[in-house]
Amino acid sequence: MTDCAPDDCRKGRPTAALAMLPWLLLGMGAFSNLFQDHTAHPVIAGLGLLAFNSLYIYVAVRAFVPSTRVSVSTRVALGLLAALTCALAIGYGGTWLLFFPLLGLATGAALRGRTLRWAGLVLGVTAGAVSVAHDGSLGLGVTYATLVSTAVTAALVSLSETVRELRSAREELARRAVERERLRFSRDLHDLLGHTLSVIVVKSEAARRLAPRDADAALAQITDIESVGRQALTEIREAVTGYREGSLATELDRARSALAAAGVTPVVDRSGPPLDAPAEALLGWVVREAVTNVVRHSSAGRCTITVTGTPERVRLTVADDGTGIRGTGRGDGASASGAPDGGTGTAAAVPGLGGTGLRGLTERLAAAGGRLTAGPGADGGFLVAAELPLAEPLLPALADLPLGRERNAQ
């Protein structure tokens with residue numbers, strides 16, 4: 001069993017740990033002394049050397065995995081390594097003093113922050129005291145090597161972890177960008193194809209009804225179907241590239257045509273100051289979705305689209321005199337903003353209210369500081385109302401939306 005985190009186990013032991021193993025060659029002098037009878041009690045020294053190498057490798061390998069580095073077993077192994085280093089250096093001196101820089105390498109790899117600073121200071125003082133006691137002033141070289149090995153190893157390990165974190169953050173940003181683009185594309189396709197296919201179906205039915213008695217009128221409907229299809233191809237290409245440009249005036253014209261073909265009398269009333277391009281695009285999406293729902297679900301005979309505005313705020317309503325929400329699948333009477341009809345709202349839509357379309361519109365308007373409500377009208381039928389502030393810029397909010405990379409925001 002291993003006590004590393006799943007993500008750490010997936011990455012495996014970093015190759016940086018392998019870079020610490022060749023430094024064990026510093027102990028070759030002590031190793032050779034064992035076979036040249038230059039070391040007292042060679043069995044004890046040999047066991048000490050084996051234990052030191054084993055503890056050093058254990059700490060070095062575990063120090064580069066965050067979850068195992070902070071584990072109790074790693075800290076205990078580092079403590080035993082420090083005690084063994086001091087015992088061998090004090091007992092034998094000479095080449096055994098070079099185990100202090102190796103201990104510095106392990107300490108710099110295994111500890112972080114304030115603990116590392118205090119441990120490095122204590123290690124440097126201890127190495128200096130033992131080395132000077134054995135070799136006099138020559139022992140200062142071991143002290144310097146111990147301090148440098150500790151500091152350099154800690155710096156390199158920190159840099160390695162920073163690079164790894166940056167790489168992970170870059171991968172996460174790339175993943176989120178892909179998700180945002182997928183969401184933008186799916187919403188655009190829903191709004192574009194949902195409306196366009198509804199218009200094509202309605203006009204096809206009209207052409208079928210007219211064909212037996214009025215060939216010219218049927219031909220006009222077929223011509224409209226061809227025009228709508230060509231326009232849909234253009235819009236899909238724009239949606240794929242992410243540069244679709246919306247227009248409220250264009251959507252109002254299309255709404256008139258779609259409603260008339262479905263046998264619904266369109267009434268359009270627009271007043272107020274001109275709107276900027278982002279507001280036009282947002283309200284154009286609202287008209288498209290609301291009119292699509294009227295054509296699909298309302299069984300209405302009349303649909304009124306009203307746009308009123310002031311320099312500070314614009315309001316759009318789409319009201320029909322159809323069957324409302326009963327049996328239409330357009331919602332449960334609550335507002336799309338999550339509040340009762342007419343209340344203030346946020347970006348959270350009530351599930352089932354208009355499906356993906358109205359929920360997506362609610363999020364778009366909320367991001368721009370506006371709100372969307374939808375539910376039964378005061379006189380029956382169904383009412384969709386959108387309000388949008390004009391005093392504050394909309395471009396930053398639109399730029400963050402998955403589908404909001406309109407050409408005007410570039």
# chains A, B, ... in the order shown; residues from 1 in each chain; ligands from 1
$ residues_around --residues "Met20 in chain A" --least-positions-apart "2" --cutoff "12 Å" --atoms "only C-alpha atoms" --output "NGL selection string"
:A and (14-18 or 22-26 or 53 or 56-64 or 101-109 or 149 or 153 or 156-157)
$ write_last_selection --atoms "C-alpha atoms" --output "compact mmCIF listing (two decimals), in the first residue's frame"
# COMPACT_ATOMS: atom_id res chain seq x y z
CA PRO A 14 9.49 12.54 -9.85
CA THR A 15 12.74 12.07 -11.70
CA ALA A 16 14.19 14.90 -9.59
CA ALA A 17 14.59 12.38 -6.77
CA LEU A 18 16.94 10.36 -8.98
CA PRO A 22 24.51 10.17 -7.40
CA TRP A 23 25.58 12.39 -4.51
CA LEU A 24 25.92 9.24 -2.44
CA LEU A 25 29.29 8.88 -4.18
CA LEU A 26 30.55 11.35 -1.56
CA ASN A 53 22.29 5.08 2.41
CA TYR A 56 18.89 8.86 2.51
CA ILE A 57 17.26 7.09 -0.47
CA TYR A 58 13.98 6.71 1.44
CA VAL A 59 13.83 10.42 2.32
CA ALA A 60 14.97 11.55 -1.14
CA VAL A 61 12.31 9.53 -2.96
CA ARG A 62 9.46 10.55 -0.64
CA ALA A 63 10.48 14.21 -0.43
CA PHE A 64 9.34 14.95 -3.99
CA PRO A 101 26.38 17.80 2.99
CA LEU A 102 24.35 14.70 2.08
CA LEU A 103 22.17 15.31 5.11
CA GLY A 104 21.81 18.90 3.90
CA LEU A 105 20.54 17.65 0.54
CA ALA A 106 17.91 15.47 2.23
CA THR A 107 16.90 18.26 4.61
CA GLY A 108 16.50 20.81 1.81
CA ALA A 109 14.33 18.39 -0.15
CA SER A 149 23.64 21.96 -0.24
CA THR A 153 18.36 21.91 -2.82
CA LEU A 156 15.60 23.90 -6.71
CA VAL A 157 12.80 21.85 -5.19
$ residues_around --residues "range 80-97 of chain A" --least-positions-apart "5" --cutoff "8 Å" --atoms "only C-alpha atoms" --output "ChimeraX atom specification"
/A:27,29-30,39-40,45,48,52,55-56,103,127,130-131,134-135,142
$ select_by_dssp --residues "range 57-289 of chain A" --states "strand (DSSP E or B)" --output "PyMOL selection string"
chain A and resi 265-270
$ residues_around --residues "range 251-263 of chain A" --least-positions-apart "6" --cutoff "12 Å" --atoms "only C-alpha atoms" --output "ChimeraX atom specification"
/A:192,195-207,209-210,217-218,220-222,224-225,227-228,231,245,269-270,280-307,316,318,320
$ atom_distance --atom1 "CA of Arg359 in chain A" --atom2 "CA of Ser186 in chain A"
13.1 Å
$ atom_distance --atom1 "CA of Pro389 in chain A" --atom2 "CA of Gly377 in chain A"
23.2 Å
$ residues_around --residues "Leu140 in chain A" --least-positions-apart "3" --cutoff "9 Å" --atoms "only C-alpha atoms" --output "list in words"
Ala127, Gly128, Ala129, Ser131, Val132, Asp135, Gly136, Ser137, Thr143, Tyr144 and Ala145 of chain A
$ select_by_dssp --residues "range 197-341 of chain A" --states "alpha helix (DSSP H)" --output "ChimeraX atom specification"
/A:197-210,215-241,248-261,277-293
$ write_last_selection --atoms "C-alpha atoms" --output "compact mmCIF listing (two decimals), in the first residue's frame"
# COMPACT_ATOMS: atom_id res chain seq x y z
CA LEU A 197 -36.31 24.70 -37.82
CA SER A 198 -39.53 25.90 -36.24
CA VAL A 199 -39.94 28.50 -39.00
CA ILE A 200 -39.16 25.91 -41.69
CA VAL A 201 -41.73 23.48 -40.23
CA VAL A 202 -44.42 26.15 -40.00
CA LYS A 203 -43.81 27.43 -43.53
CA SER A 204 -43.70 23.88 -44.88
CA GLU A 205 -47.09 23.17 -43.33
CA ALA A 206 -48.42 26.41 -44.77
CA ALA A 207 -47.10 25.50 -48.23
CA ARG A 208 -48.72 22.05 -47.98
CA ARG A 209 -52.08 23.58 -47.07
CA LEU A 210 -51.88 26.21 -49.81
CA ALA A 215 -49.96 27.50 -56.08
CA ASP A 216 -48.51 31.00 -56.10
CA ALA A 217 -48.93 31.42 -52.35
CA ALA A 218 -47.45 27.97 -51.78
CA LEU A 219 -44.52 28.88 -54.00
CA ALA A 220 -43.96 32.03 -51.96
CA GLN A 221 -43.80 29.96 -48.78
CA ILE A 222 -41.31 27.57 -50.41
CA THR A 223 -39.21 30.54 -51.47
CA ASP A 224 -39.24 31.75 -47.86
CA ILE A 225 -38.15 28.28 -46.73
CA GLU A 226 -35.19 28.44 -49.11
CA SER A 227 -34.28 31.89 -47.81
CA VAL A 228 -34.54 30.78 -44.19
CA GLY A 229 -32.37 27.72 -44.93
CA ARG A 230 -29.68 29.81 -46.58
CA GLN A 231 -29.72 32.25 -43.68
CA ALA A 232 -29.44 29.34 -41.23
CA LEU A 233 -26.33 28.07 -43.02
CA THR A 234 -24.75 31.52 -42.71
CA GLU A 235 -25.61 31.77 -39.01
CA ILE A 236 -24.26 28.31 -38.28
CA ARG A 237 -20.95 29.22 -39.94
CA GLU A 238 -20.82 32.37 -37.81
CA ALA A 239 -21.64 30.39 -34.67
CA VAL A 240 -18.87 27.88 -35.43
CA THR A 241 -16.29 30.65 -35.75
CA LEU A 248 -32.82 43.34 -32.75
CA ALA A 249 -34.28 44.88 -35.90
CA THR A 250 -33.44 41.77 -37.93
CA GLU A 251 -34.96 39.46 -35.32
CA LEU A 252 -38.15 41.57 -35.20
CA ASP A 253 -38.52 41.23 -38.97
CA ARG A 254 -37.99 37.49 -38.78
CA ALA A 255 -40.48 37.28 -35.91
CA ARG A 256 -43.15 38.95 -38.01
CA SER A 257 -42.56 36.48 -40.84
CA ALA A 258 -42.52 33.41 -38.59
CA LEU A 259 -45.63 34.43 -36.65
CA ALA A 260 -47.57 35.26 -39.80
CA ALA A 261 -46.66 31.90 -41.37
CA ALA A 277 -24.75 46.70 -30.43
CA PRO A 278 -24.40 44.45 -27.31
CA ALA A 279 -27.91 45.37 -26.11
CA GLU A 280 -29.29 44.77 -29.61
CA ALA A 281 -27.66 41.34 -29.68
CA LEU A 282 -29.00 40.29 -26.27
CA LEU A 283 -32.56 41.44 -26.94
CA GLY A 284 -32.41 39.84 -30.38
CA TRP A 285 -31.76 36.48 -28.70
CA VAL A 286 -34.75 37.05 -26.41
CA VAL A 287 -37.07 37.80 -29.35
CA ARG A 288 -35.85 34.73 -31.21
CA GLU A 289 -36.38 32.35 -28.29
CA ALA A 290 -39.70 33.80 -27.18
CA VAL A 291 -41.19 33.80 -30.69
CA THR A 292 -39.98 30.23 -31.23
CA ASN A 293 -41.89 29.18 -28.10
$ atom_distance --atom1 "CA of Val65 in chain A" --atom2 "CA of Ala110 in chain A"
9.6 Å
$ closest_atom_pairs --of "range 152-182 of chain A" --to "range 112-123 of chain A" --cutoff "12 Å" --atoms "only C-alpha atoms" --output "JSON lines"
{"residue": "A:Val152", "atom": "CA", "partner": "A:Gly120", "partner_atom": "CA", "distance": 11.4}
{"residue": "A:Thr153", "atom": "CA", "partner": "A:Arg112", "partner_atom": "CA", "distance": 11.0}
{"residue": "A:Ala154", "atom": "CA", "partner": "A:Arg112", "partner_atom": "CA", "distance": 7.6}
{"residue": "A:Ala155", "atom": "CA", "partner": "A:Arg112", "partner_atom": "CA", "distance": 10.0}
{"residue": "A:Val157", "atom": "CA", "partner": "A:Arg112", "partner_atom": "CA", "distance": 9.7}
{"residue": "A:Ser158", "atom": "CA", "partner": "A:Arg112", "partner_atom": "CA", "distance": 8.7}
{"residue": "A:Glu161", "atom": "CA", "partner": "A:Arg112", "partner_atom": "CA", "distance": 11.8}
